[in-house]
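entry05.txt, holding compact mmCIF, C-alpha atoms:
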# COMPACT_ATOMS: atom_id res chain seq x y z
CA MET A 1 79.00 92.48 64.31
CA ILE A 2 82.64 93.35 64.91
CA GLU A 3 83.45 97.05 64.70
CA ILE A 4 87.05 98.16 64.85
CA ASP A 5 87.83 101.86 64.93
CA ARG A 6 91.36 103.27 64.53
CA LEU A 7 92.86 100.41 66.53
CA GLY A 8 96.57 100.53 67.29
CA ARG A 9 99.08 98.56 69.32
CA ARG A 10 102.80 98.96 69.71
CA TYR A 11 105.57 96.79 71.14
CA GLY A 12 108.18 99.14 72.55
CA SER A 13 108.40 101.98 70.05
CA ARG A 14 107.34 99.88 67.02
CA TRP A 15 103.68 99.97 66.02
CA ALA A 16 102.55 96.40 65.28
CA LEU A 17 99.09 97.66 64.35
CA SER A 18 98.15 101.15 63.46
CA ASN A 19 94.92 102.88 62.56
CA ILE A 20 92.93 99.73 61.78
CA SER A 21 89.26 100.42 61.04
CA VAL A 22 87.08 97.55 59.87
CA ARG A 23 83.48 96.33 60.14
CA ILE A 24 82.79 92.63 59.97
CA ARG A 25 79.23 91.37 59.66
CA ASP A 26 77.83 88.39 61.55
CA ALA A 27 78.06 84.82 60.27
CA SER A 28 80.78 85.61 57.78
CA VAL A 29 84.23 84.18 57.16
CA VAL A 30 86.97 86.77 56.82
CA MET A 31 90.43 85.83 55.67
CA VAL A 32 93.14 88.04 57.15
CA ALA A 33 96.23 87.82 54.99
CA GLY A 34 99.62 89.47 55.08
CA PRO A 35 103.32 88.72 55.39
CA ASN A 36 104.96 87.67 58.67
CA GLY A 37 104.93 90.49 61.17
CA SER A 38 102.11 92.34 59.46
CA GLY A 39 100.01 92.38 62.67
CA LYS A 40 97.55 89.51 62.10
CA SER A 41 98.23 87.75 65.39
CA THR A 42 98.27 91.05 67.29
CA LEU A 43 94.87 91.93 65.85
CA PHE A 44 93.47 88.55 66.90
CA ARG A 45 94.96 88.78 70.36
CA ILE A 46 93.44 92.22 70.86
CA LEU A 47 90.01 91.02 69.70
CA ALA A 48 90.26 88.00 72.03
CA THR A 49 91.13 90.38 74.94
CA ALA A 50 94.51 88.70 75.45
CA ILE A 51 96.20 92.11 75.08
CA ARG A 52 94.90 95.67 75.17
CA PRO A 53 95.18 98.13 72.31
CA HIS A 54 97.17 101.33 72.85
CA CYS A 55 94.72 103.39 70.85
CA GLY A 56 91.37 103.07 69.17
CA THR A 57 88.34 101.01 70.12
CA ALA A 58 86.68 97.78 69.08
CA THR A 59 83.33 96.22 69.88
CA ILE A 60 82.03 92.69 69.42
CA ASP A 61 78.23 92.41 69.37
CA GLY A 62 78.16 95.88 70.94
CA TRP A 63 80.46 94.92 73.83
CA ASP A 64 83.51 97.14 74.14
CA LEU A 65 86.75 95.15 74.34
CA ASP A 66 88.16 97.36 77.05
CA ARG A 67 85.15 97.87 79.29
CA HIS A 68 83.23 94.60 78.86
CA ARG A 69 86.01 92.05 78.76
CA ASP A 70 84.03 89.29 80.49
CA ASP A 71 81.10 89.70 78.10
CA VAL A 72 83.43 89.62 75.10
CA ARG A 73 85.12 86.49 76.45
CA LYS A 74 81.78 84.71 76.58
CA SER A 75 81.45 84.91 72.82
CA VAL A 76 85.02 84.80 71.51
CA ALA A 77 87.37 81.83 70.99
CA LEU A 78 90.97 82.05 69.85
CA LEU A 79 93.16 79.42 68.20
CA THR A 80 96.78 80.54 68.17
CA HIS A 81 100.28 79.17 67.71
CA ALA A 82 100.25 78.32 71.43
CA SER A 83 98.06 75.31 72.09
CA TYR A 84 96.80 76.45 75.53
CA LEU A 85 97.08 72.82 76.66
CA TYR A 86 98.45 71.17 79.81
CA GLU A 87 101.28 68.78 78.88
CA PRO A 88 100.93 66.35 81.82
CA LEU A 89 97.17 65.89 81.29
CA THR A 90 95.53 63.65 78.69
CA GLY A 91 93.57 65.02 75.76
CA LEU A 92 90.30 64.19 77.47
CA GLU A 93 91.42 65.72 80.77
CA ASN A 94 92.44 68.92 79.00
CA LEU A 95 88.96 69.23 77.55
CA ARG A 96 87.47 68.43 80.97
CA VAL A 97 89.44 71.32 82.49
CA PHE A 98 88.02 73.71 79.89
CA ALA A 99 84.50 72.25 80.18
CA ASP A 100 84.60 72.68 83.97
CA HIS A 101 85.75 76.30 83.65
CA LEU A 102 83.01 76.96 81.10
CA ASP A 103 80.48 75.19 83.33
CA ARG A 104 79.64 72.82 80.47
CA SER A 105 78.64 69.18 80.70
CA ARG A 106 81.43 66.62 80.25
CA ASP A 107 79.12 64.37 78.19
CA GLY A 108 79.94 65.90 74.85
CA LEU A 109 83.71 65.65 75.16
CA MET A 110 84.28 62.24 73.58
CA PRO A 111 82.15 63.11 70.52
CA LEU A 112 84.23 66.29 70.21
CA LEU A 113 87.45 64.27 70.28
CA GLU A 114 85.96 61.95 67.66
CA ARG A 115 85.11 65.01 65.56
CA VAL A 116 88.78 66.07 65.51
CA GLY A 117 90.06 62.52 65.04
CA LEU A 118 91.57 62.02 68.48
CA ALA A 119 89.12 59.58 70.11
CA SER A 120 91.61 56.70 70.04
CA ARG A 121 94.27 58.85 71.77
CA ALA A 122 91.91 60.52 74.26
CA ASN A 123 93.63 58.99 77.28
CA ASP A 124 97.20 59.66 76.18
CA PRO A 125 99.02 62.57 77.79
CA VAL A 126 99.40 65.63 75.58
CA SER A 127 103.17 65.32 76.00
CA ALA A 128 102.92 62.22 73.78
CA TYR A 129 100.96 64.07 71.06
CA SER A 130 102.49 65.27 67.81
CA ALA A 131 102.23 68.95 66.86
CA GLY A 132 99.34 68.17 64.51
CA MET A 133 97.45 66.30 67.21
CA ARG A 134 97.87 69.22 69.58
CA LYS A 135 96.42 71.47 66.92
CA ARG A 136 93.44 69.13 66.55
CA LEU A 137 92.91 69.15 70.31
CA SER A 138 93.07 72.95 70.30
CA PHE A 139 90.34 72.87 67.66
CA ALA A 140 88.23 70.69 69.95
CA ARG A 141 88.75 73.30 72.70
CA VAL A 142 87.55 76.06 70.39
CA LEU A 143 84.47 74.05 69.40
CA LEU A 144 83.74 73.31 73.06
CA GLN A 145 83.40 77.03 73.70
CA GLU A 146 80.54 77.29 71.14
CA PRO A 147 81.71 80.80 70.31
CA ARG A 148 79.95 83.47 68.27
CA VAL A 149 83.26 84.85 67.06
CA VAL A 150 86.19 82.56 66.27
CA MET A 151 89.71 83.68 65.49
CA LEU A 152 91.90 81.10 63.83
CA ASP A 153 95.54 82.07 63.60
CA GLU A 154 97.24 79.77 61.09
CA PRO A 155 94.67 76.97 61.49
CA TYR A 156 96.32 74.79 58.82
CA GLY A 157 99.77 74.97 60.43
CA GLN A 158 101.23 71.56 61.43
CA LEU A 159 98.20 69.67 60.09
CA ASP A 160 98.19 66.83 57.55
CA PRO A 161 95.94 66.89 54.44
CA GLU A 162 93.16 65.20 56.43
CA GLY A 163 93.52 67.96 58.99
CA PHE A 164 93.21 70.59 56.24
CA THR A 165 89.83 69.09 55.31
CA LEU A 166 88.84 69.08 58.97
CA VAL A 167 89.60 72.81 59.24
CA ASP A 168 87.55 73.54 56.10
CA GLU A 169 84.62 71.54 57.46
CA VAL A 170 84.79 73.16 60.88
CA VAL A 171 84.91 76.67 59.39
CA CYS A 172 81.84 75.93 57.23
CA GLU A 173 80.07 74.38 60.23
CA LEU A 174 80.79 77.44 62.36
CA ARG A 175 79.45 79.76 59.68
CA GLU A 176 76.29 77.67 59.36
CA ARG A 177 75.85 77.94 63.14
CA GLY A 178 75.95 81.73 62.77
CA ALA A 179 79.46 82.28 64.05
CA THR A 180 81.82 84.87 62.58
CA VAL A 181 85.19 83.41 61.65
CA LEU A 182 88.39 85.42 61.24
CA MET A 183 91.13 83.31 59.75
CA ALA A 184 94.76 84.29 59.28
CA THR A 185 96.50 81.91 56.93
CA HIS A 186 99.23 81.67 54.34
CA GLN A 187 97.20 78.96 52.55
CA LEU A 188 95.72 81.67 50.35
CA GLU A 189 94.00 79.34 47.90
CA ARG A 190 92.17 77.38 50.59
CA GLY A 191 91.36 80.52 52.54
CA THR A 192 90.00 82.31 49.49
CA LYS A 193 87.60 79.44 48.78
CA LEU A 194 86.15 79.64 52.29
CA ALA A 195 86.17 83.39 52.83
CA ASP A 196 83.31 85.79 52.22
CA SER A 197 85.68 88.74 52.40
CA MET A 198 89.39 89.41 52.76
CA LEU A 199 91.53 91.82 54.70
CA PHE A 200 95.15 92.40 53.70
CA LEU A 201 97.56 93.73 56.30
CA GLU A 202 101.06 95.02 55.77
CA ALA A 203 103.31 96.56 58.40
CA GLY A 204 100.36 96.86 60.77
CA ARG A 205 98.06 98.67 58.34
CA VAL A 206 95.12 97.57 56.26
CA VAL A 207 96.31 97.84 52.67
CA ARG A 208 93.34 96.25 50.90
CA THR A 209 89.90 94.82 51.62
CA CYS A 210 87.72 92.86 49.23
CA MET B 1 84.26 78.15 89.21
CA LEU B 2 86.59 77.76 92.18
CA SER B 3 85.70 74.06 92.22
CA ALA B 4 86.83 73.78 88.58
CA ALA B 5 90.13 75.47 89.42
CA ILE B 6 90.68 73.15 92.41
CA ARG B 7 89.84 70.04 90.36
CA LYS B 8 92.38 71.10 87.75
CA GLU B 9 95.07 71.70 90.38
CA VAL B 10 94.45 68.34 92.08
CA LEU B 11 94.77 66.61 88.71
CA LEU B 12 97.97 68.49 87.85
CA GLN B 13 99.45 67.77 91.28
CA TRP B 14 98.70 64.07 90.91
CA ARG B 15 100.35 63.98 87.49
CA THR B 16 103.45 65.80 88.71
CA LYS B 17 103.73 64.09 92.11
CA SER B 18 107.29 62.93 91.44
CA GLU B 19 108.39 66.57 91.75
CA MET B 20 107.26 66.51 95.37
CA VAL B 21 109.76 63.73 96.13
CA ALA B 22 112.56 65.86 94.67
CA VAL B 23 111.49 68.87 96.75
CA PHE B 24 111.32 66.69 99.89
CA VAL B 25 114.86 65.44 99.25
CA PHE B 26 115.98 69.07 98.81
CA GLY B 27 114.32 70.09 102.10
CA SER B 28 115.84 67.12 103.94
CA ALA B 29 119.28 67.89 102.50
CA SER B 30 118.93 71.50 103.67
CA LEU B 31 118.11 70.31 107.21
CA LEU B 32 121.11 68.00 107.13
CA LEU B 33 123.44 70.80 106.01
CA PHE B 34 122.11 73.20 108.66
CA SER B 35 122.82 70.55 111.31
CA PHE B 36 126.44 70.37 110.11
CA ALA B 37 126.72 74.12 110.58
CA VAL B 38 125.71 73.85 114.25
CA GLY B 39 127.84 70.78 114.99
CA PRO B 40 127.18 67.85 117.33
CA VAL B 41 125.84 69.92 120.22
CA ALA B 42 122.46 68.44 121.17
CA ASP B 43 121.17 71.54 123.00
CA ALA B 44 122.14 73.92 120.23
CA LEU B 45 120.57 71.67 117.61
CA ARG B 46 117.29 71.59 119.51
CA GLN B 47 117.46 75.34 120.11
CA PHE B 48 117.70 76.18 116.41
CA SER B 49 115.53 73.34 115.08
CA ALA B 50 112.38 75.42 114.53
CA GLY B 51 114.26 78.10 112.60
CA PHE B 52 115.96 75.51 110.43
CA LEU B 53 112.66 73.73 109.73
CA TRP B 54 111.15 76.96 108.40
CA LEU B 55 114.30 77.89 106.50
CA ALA B 56 114.23 74.49 104.79
CA LEU B 57 110.54 74.96 104.02
CA LEU B 58 111.14 78.49 102.74
CA LEU B 59 113.95 77.40 100.40
CA SER B 60 111.90 74.44 99.17
CA SER B 61 108.91 76.73 98.62
CA THR B 62 110.79 78.76 96.00
CA LEU B 63 111.21 75.56 93.99
CA THR B 64 107.66 74.34 94.35
CA LEU B 65 106.05 77.77 93.82
CA SER B 66 108.06 78.49 90.70
CA GLU B 67 107.38 74.98 89.37
CA SER B 68 103.64 75.35 89.95
CA PHE B 69 103.47 77.84 87.05
CA HIS B 70 105.69 75.84 84.72
CA THR B 71 102.82 73.82 83.23
CA GLU B 72 100.72 76.99 83.03
CA MET B 73 103.34 78.73 80.91
CA GLU B 74 104.56 75.81 78.80
CA HIS B 75 101.89 76.23 76.13
CA ARG B 76 100.35 79.40 77.59
CA ALA B 77 97.61 77.30 79.21
CA LEU B 78 97.11 80.04 81.80
CA GLU B 79 96.25 82.54 79.06
CA GLY B 80 93.85 79.99 77.58
CA LEU B 81 91.96 79.80 80.87
CA LEU B 82 92.04 83.53 81.50
CA LEU B 83 90.47 84.16 78.09
CA LEU B 84 87.44 82.15 79.18
CA PRO B 85 84.67 83.99 80.99
CA ALA B 86 86.10 82.64 84.25
CA SER B 87 87.32 84.65 87.22
CA ALA B 88 91.07 85.17 87.56
CA ARG B 89 90.50 85.24 91.31
CA ASP B 90 89.12 81.69 91.28
CA PHE B 91 92.17 80.61 89.33
CA TYR B 92 94.40 82.27 91.93
CA TYR B 93 92.69 80.66 94.91
CA GLY B 94 92.77 77.26 93.20
CA LYS B 95 96.50 77.60 92.59
CA ALA B 96 97.23 79.06 96.04
CA LEU B 97 95.31 76.25 97.76
CA ALA B 98 97.25 73.67 95.73
CA ASN B 99 100.54 75.34 96.68
CA TRP B 100 99.43 75.48 100.30
CA LEU B 101 98.70 71.74 100.23
CA ARG B 102 102.13 71.00 98.75
CA LEU B 103 103.92 73.09 101.37
CA PHE B 104 101.84 71.67 104.21
CA VAL B 105 102.57 68.07 103.15
CA LEU B 106 106.24 68.98 102.74
CA GLY B 107 106.34 70.62 106.18
CA VAL B 108 104.72 67.59 107.81
CA ALA B 109 107.10 65.24 105.96
CA LEU B 110 110.11 67.22 107.19
CA VAL B 111 109.11 66.90 110.87
CA PRO B 112 110.36 63.27 111.21
CA VAL B 113 113.66 64.37 109.58
CA LEU B 114 113.83 67.17 112.14
CA ILE B 115 113.23 64.71 114.99
CA VAL B 116 115.99 62.39 113.74
CA LEU B 117 118.58 65.09 113.00
CA TYR B 118 117.83 67.60 115.76
CA ASP B 119 116.17 65.44 118.42
CA ALA B 120 113.34 67.99 118.40
CA GLY B 121 110.10 66.18 119.08
CA THR B 122 106.92 67.39 120.75
CA LEU B 123 103.74 65.87 122.11
CA ARG B 124 101.71 68.89 120.98
CA ILE B 125 101.24 67.33 117.54
CA ALA B 126 97.90 68.97 116.73
CA GLU B 127 99.24 72.45 117.49
CA LEU B 128 102.41 71.78 115.51
CA LEU B 129 100.33 70.70 112.51
CA LEU B 130 98.24 73.86 112.91
CA VAL B 131 101.35 76.05 112.90
CA ILE B 132 102.73 74.26 109.83
CA ALA B 133 99.35 74.68 108.09
CA LEU B 134 99.18 78.39 108.93
CA GLY B 135 102.84 79.00 108.11
CA ALA B 136 102.44 77.21 104.76
CA ALA B 137 99.43 79.42 104.08
CA GLY B 138 101.58 82.48 104.81
CA LEU B 139 104.12 81.31 102.23
CA SER B 140 101.72 80.08 99.56
CA ALA B 141 99.42 83.10 99.21
CA PRO B 142 102.07 85.75 98.36
CA GLY B 143 104.27 83.05 96.81
CA THR B 144 101.60 82.18 94.26
CA LEU B 145 101.12 85.85 93.39
CA TYR B 146 104.83 86.45 92.90
CA ALA B 147 105.30 83.14 91.07
CA ALA B 148 102.63 84.31 88.60
CA MET B 149 104.38 87.68 88.26
CA THR B 150 107.79 86.16 87.56
CA ALA B 151 106.68 83.07 85.62
CA GLN B 152 107.35 84.65 82.23
CA LEU B 153 110.69 86.16 83.15
CA ARG B 154 114.00 84.57 82.32
CA ALA B 155 115.39 85.32 85.78
CA LYS B 156 112.36 83.93 87.62
CA GLN B 157 114.39 81.64 89.89
CA THR B 158 116.34 84.67 91.16
CA LEU B 159 113.51 87.18 91.25
CA LEU B 160 110.95 85.05 93.07
CA PRO B 161 112.93 84.78 96.33
CA LEU B 162 114.05 88.41 96.04
CA LEU B 163 110.42 89.56 95.94
CA LEU B 164 108.95 86.96 98.25
CA PHE B 165 111.36 86.81 101.17
CA PRO B 166 110.97 90.41 102.43
CA LEU B 167 107.18 90.19 102.24
CA ILE B 168 106.80 87.02 104.27
CA VAL B 169 109.14 88.00 107.11
CA PRO B 170 106.29 88.61 109.63
CA ALA B 171 104.60 85.27 108.86
CA LEU B 172 107.93 83.47 108.92
CA LEU B 173 108.89 85.05 112.23
CA ALA B 174 105.56 84.08 113.80
CA SER B 175 105.87 80.52 112.43
CA VAL B 176 109.40 80.10 113.79
CA LYS B 177 108.48 81.50 117.20
CA ALA B 178 105.32 79.38 117.54
CA THR B 179 107.13 76.21 116.39
CA SER B 180 110.05 76.93 118.69
CA LEU B 181 107.73 77.30 121.68
CA LEU B 182 105.98 74.04 120.81
CA LEU B 183 109.27 72.16 120.45
CA LEU B 184 111.21 73.66 123.37
CA GLY B 185 108.37 74.19 125.83
CA ASP B 186 106.01 77.07 126.43
CA PRO B 187 105.85 77.85 130.17
CA MET B 188 104.35 81.34 129.61
CA GLY B 189 101.72 80.18 127.09
CA GLN B 190 103.05 82.49 124.37
CA ALA B 191 102.49 80.12 121.44
CA ARG B 192 98.82 81.15 121.20
CA SER B 193 99.75 84.81 120.61
CA TRP B 194 102.17 83.91 117.81
CA ILE B 195 99.55 81.63 116.23
CA LEU B 196 97.01 84.48 116.32
CA LEU B 197 99.53 86.82 114.72
CA LEU B 198 100.09 84.20 112.02
CA VAL B 199 96.33 83.95 111.43
CA ALA B 200 96.14 87.74 111.08
CA PHE B 201 98.94 87.87 108.50
CA ASP B 202 97.44 84.92 106.61
CA ALA B 203 94.11 86.75 106.43
CA ILE B 204 95.85 89.83 105.02
CA TYR B 205 97.89 87.85 102.48
CA TRP B 206 95.02 85.70 101.26
CA SER B 207 92.59 88.58 100.82
CA LEU B 208 95.04 91.11 99.33
CA CYS B 209 96.80 88.71 96.95
CA GLY B 210 93.44 87.45 95.65
CA LEU B 211 92.45 91.03 94.87
CA LEU B 212 95.75 91.83 93.14
CA PHE B 213 96.06 88.66 91.08
CA GLY B 214 93.70 89.78 88.31
CA ARG B 215 95.83 92.89 87.71
CA VAL B 216 99.07 90.92 87.82
CA VAL B 217 98.09 88.46 85.10
CA GLU B 218 96.34 90.99 82.87
CA GLU B 219 98.57 90.95 79.78

Final structure tokens representation of the file:
Amino acid sequence: MIEIDRLGRRYGSRWALSNISVRIRDASVVMVAGPNGSGKSTLFRILATAIRPHCGTATIDGWDLDRHRDDVRKSVALLTHASYLYEPLTGLENLRVFADHLDRSRDGLMPLLERVGLASRANDPVSAYSAGMRKRLSFARVLLQEPRVVMLDEPYGQLDPEGFTLVDEVVCELRERGATVLMATHQLERGTKLADSMLFLEAGRVVRTC
Amino acid sequence: MLSAAIRKEVLLQWRTKSEMVAVFVFGSASLLLFSFAVGPVADALRQFSAGFLWLALLLSSTLTLSESFHTEMEHRALEGLLLLPASARDFYYGKALANWLRLFVLGVALVPVLIVLYDAGTLRIAELLLVIALGAAGLSAPGTLYAAMTAQLRAKQTLLPLLLFPLIVPALLASVKATSLLLLGDPMGQARSWILLLVAFDAIYWSLCGLLFGRVVEE
């Protein structure tokens, strides 16, 4: 369960998020929609503990984002515009770095790369990858974490139609595994088909939920 | 998780090894230019050789320290790792050890250049290597912390030396003095005291910077 209570965050004097209060039940897919600059990415970054809120509180599975950051990080994965990848390393090596830091076995890495369609390019450096391939590798990183809460910020961005299907499949797979998925996308039609509920943001405020 | 951080750094260093050649050329060029400043006076060149070695290493360190965070910031890979349930301190020590290794190798590689340009050789090789190792440790620990602090700033190349140089003065002074005594002779056996001072400052830097790193990279 994700519980957000009067959450707010400002950049300088401008409030990017203000007075957000939402409850999200487990194993559900929530589409977060809104125009550019409405606060979607900020909300995700707060929930992933990348940045701290300036007011309000939020808990994930009972863990407070501010006080139990390490516990929250054990169960949360974030896919953002930044790929979080090392350019000089190969796709496989990038996953190895994350597997080592997560203390996970390296055995399952090639199947993961196959899952995202990168097995044949596993030993190429990321600097030789296209934007879409980087996105696929970032997806593999998210799956490697086996998270309970996944935040996907523009997951369809830079992907080809095959990649769109991959995202849909992965989201369904995560839900079946019991993970909660928050997805910010401008692909409203696709998102609506996958989502159990929707959250509309505008100028940092929740304007509608359904 | 320290082992994971070290493995990652070794891999990154191997993939970016060509940068080390560029830094070595920069350090050698600095030594060459310093020798021009002194002129063709053999005694004076020998006298100042230790100071110039550490100045060359210090200037080169600003390049290598700043560069060590380039790949971390390129696609916000550092943030990706910090969002894992891994310790920021382990990340710091992995990075600082990698930077130490770079500076140590660079320092050792500059010694033959020093011998050729300044005629400043010594038979106390083991002690000289120890001083270079300790001096490099004195540069890399605070250097890694400040490189992380300035990595996201536009003026990082200017700010890093501005922040770093005043802090490492004691370690630099001890390194220069100990190296100078090893190169020019040490009739009073003073080198040991300078080496111990260097060890003390290294201990302070490595423990304090490790503690502060988590706060520095938070947000």

Hey, can you check how far atom CA of A:Leu79 sits from atom CA of A:Pro155?
-> 7.3 Å

With stretch 2-8 of chain A as the partner and 7 Å as the cut-off, tabulate the residues of stretch 38-65 of chain A that qualify, each row holding the nearest pair of atoms and their distance in Å to one decimal, using all atoms listed in the file, sorted by chain and rising number, as a Markdown table.
| residue | atom | partner | partner_atom | distance |
| --- | --- | --- | --- | --- |
| A:Pro53 | CA | A:Gly8 | CA | 5.7 |
| A:His54 | CA | A:Gly8 | CA | 5.6 |
| A:Cys55 | CA | A:Gly8 | CA | 4.9 |
| A:Gly56 | CA | A:Leu7 | CA | 4.0 |
| A:Thr57 | CA | A:Asp5 | CA | 5.3 |
| A:Ala58 | CA | A:Ile4 | CA | 4.3 |
| A:Thr59 | CA | A:Glu3 | CA | 5.2 |
| A:Ile60 | CA | A:Ile2 | CA | 4.6 |
| A:Asp61 | CA | A:Ile2 | CA | 6.3 |

Would you kindly report the residues of chain A within 8 Å of chain B, using all atoms listed in the file, as a list in words?
->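 Residues of chain A within 8 Å of chain B, counting all atoms listed in the file: Ala48, Thr49, Ala50, Ile51, Arg52, Asp70, Asp71, Arg73, Lys74, Ala82, Ser83, Tyr84, Leu85, Tyr86, Glu87, Pro88, Leu89, Val97, Phe98, Asp100, His101, Leu102 and Asp103 of chain A.
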
Calculate how many Å separate atom CA of B:Leu106 from atom CA of B:Phe24, rounding to one decimal.
->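 Taking atom CA of B:Leu106 as the start and atom CA of B:Phe24 as the end point, the length is 6.3 Å.
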
Show which residues sit within 8 Å of B:Gly121, as a list of chain:residue names. Count only C-alpha atoms, and ignore same-chain residues fewer than 4 positions away.
->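 Here the answer would be B:Leu114, B:Ile115, B:Leu183.
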
B:Leu159 surroundings by all atoms listed in the file, 12 Å radius, close-in-sequence under 5 positions cut, as an MDAnalysis selection string | chainID B and resid 62 66 143 146:154 164:166

For stretch 109-119 of chain A, work out the shell of residues within 8 Å, counting all atoms listed in the file and skipping chain neighbours fewer than 4 positions away, then give it as a PDB file with C-alpha atoms, in the frame of the given file.
ATOM      1  CA  LEU A  92      90.300  64.190  77.470  1.00  0.00           C
ATOM      2  CA  LEU A  95      88.960  69.230  77.550  1.00  0.00           C
ATOM      3  CA  ARG A  96      87.470  68.430  80.970  1.00  0.00           C
ATOM      4  CA  MET A 133      97.450  66.300  67.210  1.00  0.00           C
ATOM      5  CA  ARG A 136      93.440  69.130  66.550  1.00  0.00           C
ATOM      6  CA  LEU A 137      92.910  69.150  70.310  1.00  0.00           C
ATOM      7  CA  PHE A 139      90.340  72.870  67.660  1.00  0.00           C
ATOM      8  CA  ALA A 140      88.230  70.690  69.950  1.00  0.00           C
ATOM      9  CA  LEU A 143      84.470  74.050  69.400  1.00  0.00           C
ATOM     10  CA  LEU A 144      83.740  73.310  73.060  1.00  0.00           C
ATOM     11  CA  LEU A 166      88.840  69.080  58.970  1.00  0.00           C
TER      12      LEU A 166
END

Which distance in Å separates atom CA of B:Asp43 and atom CA of B:Arg124, to one decimal?
->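 Computed distance, atom CA of B:Asp43 to atom CA of B:Arg124, equals 19.7 Å.
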
Smallest atom-to-atom distance to A:Ala16: which of A:Thr165, A:Arg190, A:Gly157, A:Gly39, using only C-alpha atoms?
->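 Counting only C-alpha atoms, the residue closest to A:Ala16 is A:Gly39.
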
Neighbours of B:Leu196 within 12 Å (all atoms listed in the file; same-chain residues fewer than 2 positions away dropped), as a PDB file with C-alpha atoms, keeping the file's coordinate frame?
ATOM      1  CA  LEU B 130      98.240  73.860 112.910  1.00  0.00           C
ATOM      2  CA  VAL B 131     101.350  76.050 112.900  1.00  0.00           C
ATOM      3  CA  LEU B 134      99.180  78.390 108.930  1.00  0.00           C
ATOM      4  CA  GLY B 135     102.840  79.000 108.110  1.00  0.00           C
ATOM      5  CA  ALA B 171     104.600  85.270 108.860  1.00  0.00           C
ATOM      6  CA  ALA B 174     105.560  84.080 113.800  1.00  0.00           C
ATOM      7  CA  SER B 175     105.870  80.520 112.430  1.00  0.00           C
ATOM      8  CA  LYS B 177     108.480  81.500 117.200  1.00  0.00           C
ATOM      9  CA  ALA B 178     105.320  79.380 117.540  1.00  0.00           C
ATOM     10  CA  GLN B 190     103.050  82.490 124.370  1.00  0.00           C
ATOM     11  CA  ALA B 191     102.490  80.120 121.440  1.00  0.00           C
ATOM     12  CA  ARG B 192      98.820  81.150 121.200  1.00  0.00           C
ATOM     13  CA  SER B 193      99.750  84.810 120.610  1.00  0.00           C
ATOM     14  CA  TRP B 194     102.170  83.910 117.810  1.00  0.00           C
ATOM     15  CA  LEU B 198     100.090  84.200 112.020  1.00  0.00           C
ATOM     16  CA  VAL B 199      96.330  83.950 111.430  1.00  0.00           C
ATOM     17  CA  ALA B 200      96.140  87.740 111.080  1.00  0.00           C
ATOM     18  CA  PHE B 201      98.940  87.870 108.500  1.00  0.00           C
ATOM     19  CA  ASP B 202      97.440  84.920 106.610  1.00  0.00           C
ATOM     20  CA  ALA B 203      94.110  86.750 106.430  1.00  0.00           C
TER      21      ALA B 203
END

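At a cut-off of 12 Å from (124.5, 68.9, 108.9), the residue set is Ser28, Ala29, Ser30, Leu31, Leu32, Leu33, Phe34, Ser35, Phe36, Ala37, Val38, Gly39, Pro40, Val41, Leu45, Ser49, Phe52, Val113, Leu114, Val116, Leu117 and Tyr118 of chain B (counting all atoms listed in the file).
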
Please reconstruct the missing atoms of stretch 131-140 of chain A (target: N, CA and C atoms) and return them as a tab-separated table (two decimals), in the coordinates of the input.
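Okay, result10.tsv is ready:
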chain	number	residue	atom	x	y	z
A	131	ALA	N	102.67	67.55	66.99
A	131	ALA	CA	102.23	68.95	66.86
A	131	ALA	C	100.84	69.02	66.20
A	132	GLY	N	100.63	68.18	65.21
A	132	GLY	CA	99.34	68.17	64.51
A	132	GLY	C	98.21	67.74	65.43
A	133	MET	N	98.49	66.76	66.28
A	133	MET	CA	97.45	66.30	67.21
A	133	MET	C	97.11	67.37	68.23
A	134	ARG	N	98.12	68.10	68.65
A	134	ARG	CA	97.87	69.22	69.58
A	134	ARG	C	96.96	70.26	68.93
A	135	LYS	N	97.23	70.49	67.65
A	135	LYS	CA	96.42	71.47	66.92
A	135	LYS	C	94.96	70.99	66.86
A	136	ARG	N	94.79	69.69	66.60
A	136	ARG	CA	93.44	69.13	66.55
A	136	ARG	C	92.75	69.28	67.92
A	137	LEU	N	93.50	69.03	68.98
A	137	LEU	CA	92.91	69.15	70.31
A	137	LEU	C	92.55	70.62	70.61
A	138	SER	N	93.39	71.53	70.13
A	138	SER	CA	93.07	72.95	70.30
A	138	SER	C	91.78	73.29	69.56
A	139	PHE	N	91.59	72.67	68.40
A	139	PHE	CA	90.34	72.87	67.66
A	139	PHE	C	89.14	72.40	68.47
A	140	ALA	N	89.32	71.23	69.12
A	140	ALA	CA	88.23	70.69	69.95
A	140	ALA	C	87.91	71.68	71.08
